[in-house]
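See below for the structure under consideration.
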Amino acid sequence: MADLIEPVKLTDWKNEPTLLNLKHDLVSAQNLQQNQVSKINRWNDLLKSNPTTAKLKGRSNVQSKLIRKQAEWRYPSLSEPFLSSEKLFKVSPVTFEDMEAAKQNELVLNHQFRTKLNRVKFIDDLVRSVCDDGTAIVRTGWNRVTTMVEEEANEYTYYELTTEEEITALQEAVQFKTRDPRTYEEQVPLEIQAAVDYFLETDMPVGASISGTVMALTEKVLVNQPTCEVLDPRNVYIDPTCGGDFDKAMFAIIARETSKADLLKENKKYVNLDTIDWSAVASLPDENFYTGTPAESNFADKPRKKVVLYEYWGYYDIDDSGSLTAIHACWLGNQIIYLSESPFSDKKIPLTLVNYLPVKRELYGEPDAEILKDNQAIQGAISRGIIDLLGRSANSQRGIAKGMLDYINQRRYENGQDYEFNPQSHPNNGIVEHKYPELPQSALTVLAMQGQEAEALTGVKSFSSGISGATYGDVAAGVRGALDASAKREMAILRRLAKGIIDIGTKIISMNGDFLSDKEVVRITNSEFVTIKREDLVGQFDLSVDISTAEVDNNKVQDLAFLLQTIGNNMDSGITLMILAEIAELKRMPALADKIKNFKPEPDPVTEKMKQLELAKLELELSELESEIALNNAKARQASSKADITDLDYVEQETGTKHARDLDKHSAQARANQDLEITKSLIKERKPDSKAPNIDAAIGYNAMSQKDLI
């Protein structure tokens with residue numbers, strides 16, 4: 001490393017890492033990486049059934065494809081649970097305040113995986129990398145492509161505010177923007193928004209009015225989305241001191257294929273590109289870099305020539321304070337061309353590791369090839385022996401004893417005519433019919449045993465005579481036990497894949513909050529769109545991935561169908577529709593499920609009229625019943641009143657109250673009659689010669705008589 005070129009400082013860091021520091025980490029990780037590379041190459045050779053020995057003349061060189069056959073049955077069972085549903089992620093809030101942000105993140109995340117990313121290719125690459133290499137390494141990043149376009153924009157004239165009301169209105173608009181920026185942009189006029197922006201920039205309260213339009217260059221976003229790339233583990237160097245836990249790794253180095261033209265197109269501001277000796281930079285093919293690009297396909301010109309770039313993601317003490325900072329560096333050959341702090345807000349290495357079969361206290365996992373290699377080797381050896389046994393035999397050939405037939409009779413024999421033979425050499429003994437030898441049953445038994453053992457090890461049923469329920473008994477429960485055992489192993493692998501995808505989703509949520517456009521229009525249904533704002537994506541969330549196998553879904557469908565049969569027509573139609581929609585979801589028919597959820601049956605006019613008449617009849621019957629109840633209540637009150645009167649009359653007679661009341665009545669009547677007679681005598685017309693009545697005496701007598709009566 002004595003020829004390393006140290007360029008000028010690229011940053012203002014107090015303790016900037018040198019290329020020697022970065023390459024020292026690369027060298028320290030090479031032993032672990034090379035050890036894993038040798039394993040991956042061996043597993044891939046087993047998967048491809050590459051011959052391990054040179055072919056001998058006259059001998060078979062066939063290789064068993066047991067591992068490949070098991071892998072081909074495993075791929076769809078692991079990828080389909082992630083691809084069968086349009087909705088991959090479910091985002092739940094950690095706190096109540098994050099409820100709305102969780103909904104927005106779920107919409108954006110599923111929208112990105114559904115439309116922005118090639119989800120089918122990504123899941124297929126992830127599953128195949130896990131199954132073939134034992135470990136998948138996914139790199140998450142962000143791709144932003146912009147261009148400058150000339151657009152018409154409003155031109156504003158600003159004026160000073162003179163009244164207290166105008167200043168108050170401006171302050172309220174500023175508070176409104178701070179409190180609810182989304183509603184502010186949708187409802188507040190453009191003039192007021194311009195005045196608010198001017199106030200926030202200059203702290204001067206002004207008003208604004210549109211004075212015209214002007215053509216201005218604005219940045220138009222062409223591409224702005226996350227990226228997910230499944231890397232070749234052989235091109236990734238990871239900190240060997242992490243102890244099997246990638247979260248504790250201090251660095252990770254990625255070797256990738258690029259060119260000068262590709263570097264100029266990227267968003268990063270690479271430096272020193274003009275000073276690099278492109279002829280001396282490691283180009284393809286490179287013994288330390290694994291690529292699918294053929295060696296003869298590399299370009300000769302400098303802009304397109306494929307070279308190997310090393311990307312460093314890790315932590316370094318850049319300010320010489322003892323604390324570590326996440327950094328990102330790139331170098332080509334012996335020159336650093338990029339150095340900065342990590343652009344991601346989570347400050348983590350943008351890699352996610354997913355293991356197929358975890359190895360205790362190891363960073364990398366193992367594929368099925370590690371446990372099936374002996375079975376494949378035995379199958380291959382037996383298959384080659386069987387093929388050699390059959391191939392080296394003269395099947396369907398016929399041998400004729402010498403001297404048994406002369407030339408003429410041999411021609412007749414070959415033409416299927418009658419012939420004469422030498423009596424000393426009978427045809428039964430002189431003619432030999434060659435055929436394949438019988439295959440040893442032991443060879444066929446051992447061959448079948450290897451397939452059965454392979455299925456028992458992996459739990460993958462490839463429709464041969466492998467794993468079955470006979471181990472548990474030839475009954476339905478035994479078959480179900482065998483299927484459950486294999487399903488549990490498959491679900492364990494699925495959960496590790498789901499955990500990796502959850503980690504990827506968490507990184508994308510963090511990047512969305514940093515790099516997403518201010519507004520993102522997201523389709524939430526087939527016909528409905530919603531606008532998501534970047535500031536609405538901030539919060540703390542729990543992610544989950546909805547995974548399930550076809551067998552589990554079928555079991556749920558059977559349970560729901562049984563539930564429908566049980567309730568029959570005794571349940572509300574709304575609940576029935578809910579169950580039917582759930583069945584449609586499990587059967588991967590989202591369009592039908594949406595139609596069932598939103599289905600509202602059109603009412604039958606005759607049925608509706610019958611219902612109205614039936615309701616009117618019930619109302620009349622109720623009214624009649626209420627009137628009868630009122631009549632009965634009145635009769636009851638009448639009878640009760642009569643009973644009270646009878647009781648009162650009896651009591652008054654027994655106590656003399658009635659007799660006393662009668663006396664009072666008669667006395668009052670007598671007084672009234674007396675008063676009447678006096679009154680009559682007073683108003684009576686008397687004769688001229690008659691004597692005038694003594695009115696005073698009459699009144700006095702009347703008063704005295706009333707006193708006596710009292």
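By convention here, the chains of the structure tokens are called A, B, ... in the order presented, each chain's residues are numbered starting at 1, and ligands are numbered starting at 1 in the order presented.
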- Message: Residues near region 334-340 of chain A, anyone? I mean within 6 Å using only C-alpha atoms, not counting same-chain ones fewer than 2 positions away, as a list in words.
- Response: Leu4, Ile5, Tyr270, Val271, Asn272, Ile327, His328, Ala329, Cys330, Trp331 and Leu332 of chain A
Using the selection just defined, write its residues with C-alpha atoms as an mmCIF file, in the first residue's frame.
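again-v7.cif, written as the output of this step:
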data_model
loop_
_atom_site.group_PDB
_atom_site.id
_atom_site.type_symbol
_atom_site.label_atom_id
_atom_site.label_comp_id
_atom_site.auth_asym_id
_atom_site.auth_seq_id
_atom_site.Cartn_x
_atom_site.Cartn_y
_atom_site.Cartn_z
ATOM 1 C CA LEU A 4 -1.582 5.061 -2.076
ATOM 2 C CA ILE A 5 -2.325 8.595 -3.227
ATOM 3 C CA TYR A 270 -17.882 12.844 -6.792
ATOM 4 C CA VAL A 271 -14.472 14.499 -6.862
ATOM 5 C CA ASN A 272 -11.077 13.613 -8.328
ATOM 6 C CA ILE A 327 -20.041 8.267 7.413
ATOM 7 C CA HIS A 328 -20.187 7.272 3.761
ATOM 8 C CA ALA A 329 -17.082 7.037 1.582
ATOM 9 C CA CYS A 330 -16.283 5.798 -1.929
ATOM 10 C CA TRP A 331 -12.939 5.090 -3.539
ATOM 11 C CA LEU A 332 -11.650 3.985 -6.890
#
- Query: Mind checking DSSP for region 194-385 of chain A and telling me the strand (DSSP E or B) residues as a PyMOL selection string?
  - Reply: chain A and resi 206-231+236-238+251-258+283+307-316+325-332+335-341+351-355+357+366
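Distances here use only C-alpha atoms; by that measure, the residue among A:Leu543, A:Val27, A:Ile583, A:Ala195 closest to Ala102 (chain A) is A:Leu543.
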Can I get the residues of region 12-70 of chain A within 12 Å of region 288-308 of chain A, each with the closest pair of atoms and their distance in Å to one decimal, using only C-alpha atoms, sorted chain first then ascending number, as CSV?
residue,atom,partner,partner_atom,distance
A:Leu26,CA,A:Asn288,CA,11.9
A:Gln30,CA,A:Asn288,CA,9.9
A:Gln33,CA,A:Asn288,CA,10.5
A:Gln34,CA,A:Asn288,CA,9.2
A:Val37,CA,A:Tyr290,CA,9.9
A:Ile40,CA,A:Tyr290,CA,11.8
A:Asn41,CA,A:Tyr290,CA,10.8
- Note on the structure: Shortest contact to Asp124 (chain A), candidates A:Glu229, A:Glu166, A:Glu366, A:Asp277, atoms counted only C-alpha atoms, goes to A:Glu229
- Query: Could you write out, as an MDAnalysis selection string, all the residues of region 362-513 of chain A that DSSP marks as helix (DSSP H, G or I)?
  - Reply: chainID A and resid 369:391 407:414 427:430 441:458 469:472 476:513
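For the choices A:Asn224, A:Ser667, A:Ser641, A:Ser486, the atom-to-atom distance to Ser77 (chain A) is smallest for A:Ser486 when using only C-alpha atoms.
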Select from region 333-397 of chain A every residue with an atom at most 10 Å from any atom of region 495-511 of chain A, then for each give the shortest pair of atoms and their distance in Å to one decimal, using only C-alpha atoms, rows by chain and rising number, as a tab-separated table.
residue	atom	partner	partner_atom	distance
A:Pro343	CA	A:Met511	CA	9.2
A:Phe344	CA	A:Met511	CA	6.6
A:Ser345	CA	A:Ser510	CA	6.7
A:Asp346	CA	A:Ser510	CA	6.7
A:Lys348	CA	A:Lys507	CA	8.9
A:Ile349	CA	A:Lys507	CA	10.0
A:Pro350	CA	A:Lys507	CA	7.7
A:Leu351	CA	A:Ile504	CA	8.4
A:Thr352	CA	A:Gly500	CA	6.5
A:Leu353	CA	A:Gly500	CA	6.8
A:Val354	CA	A:Gly500	CA	5.6
A:Asn355	CA	A:Arg496	CA	6.9
A:Tyr356	CA	A:Arg496	CA	7.4
A:Leu357	CA	A:Arg496	CA	9.2
A:Pro358	CA	A:Arg496	CA	9.3
- Task: Just give me the gap between CA of Asp45 (chain A) and CA of Thr258 (chain A) in Å, one decimal is fine.
- Result: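 CA of Thr258 (chain A) lies 27.5 Å from CA of Asp45 (chain A).
Contact shell of Ala252 (chain A) at 7 Å (only C-alpha atoms; same-chain neighbours under 3 positions omitted): Tyr237, Ile238, Asp239, Tyr312, Trp313 and Gly314 of chain A.
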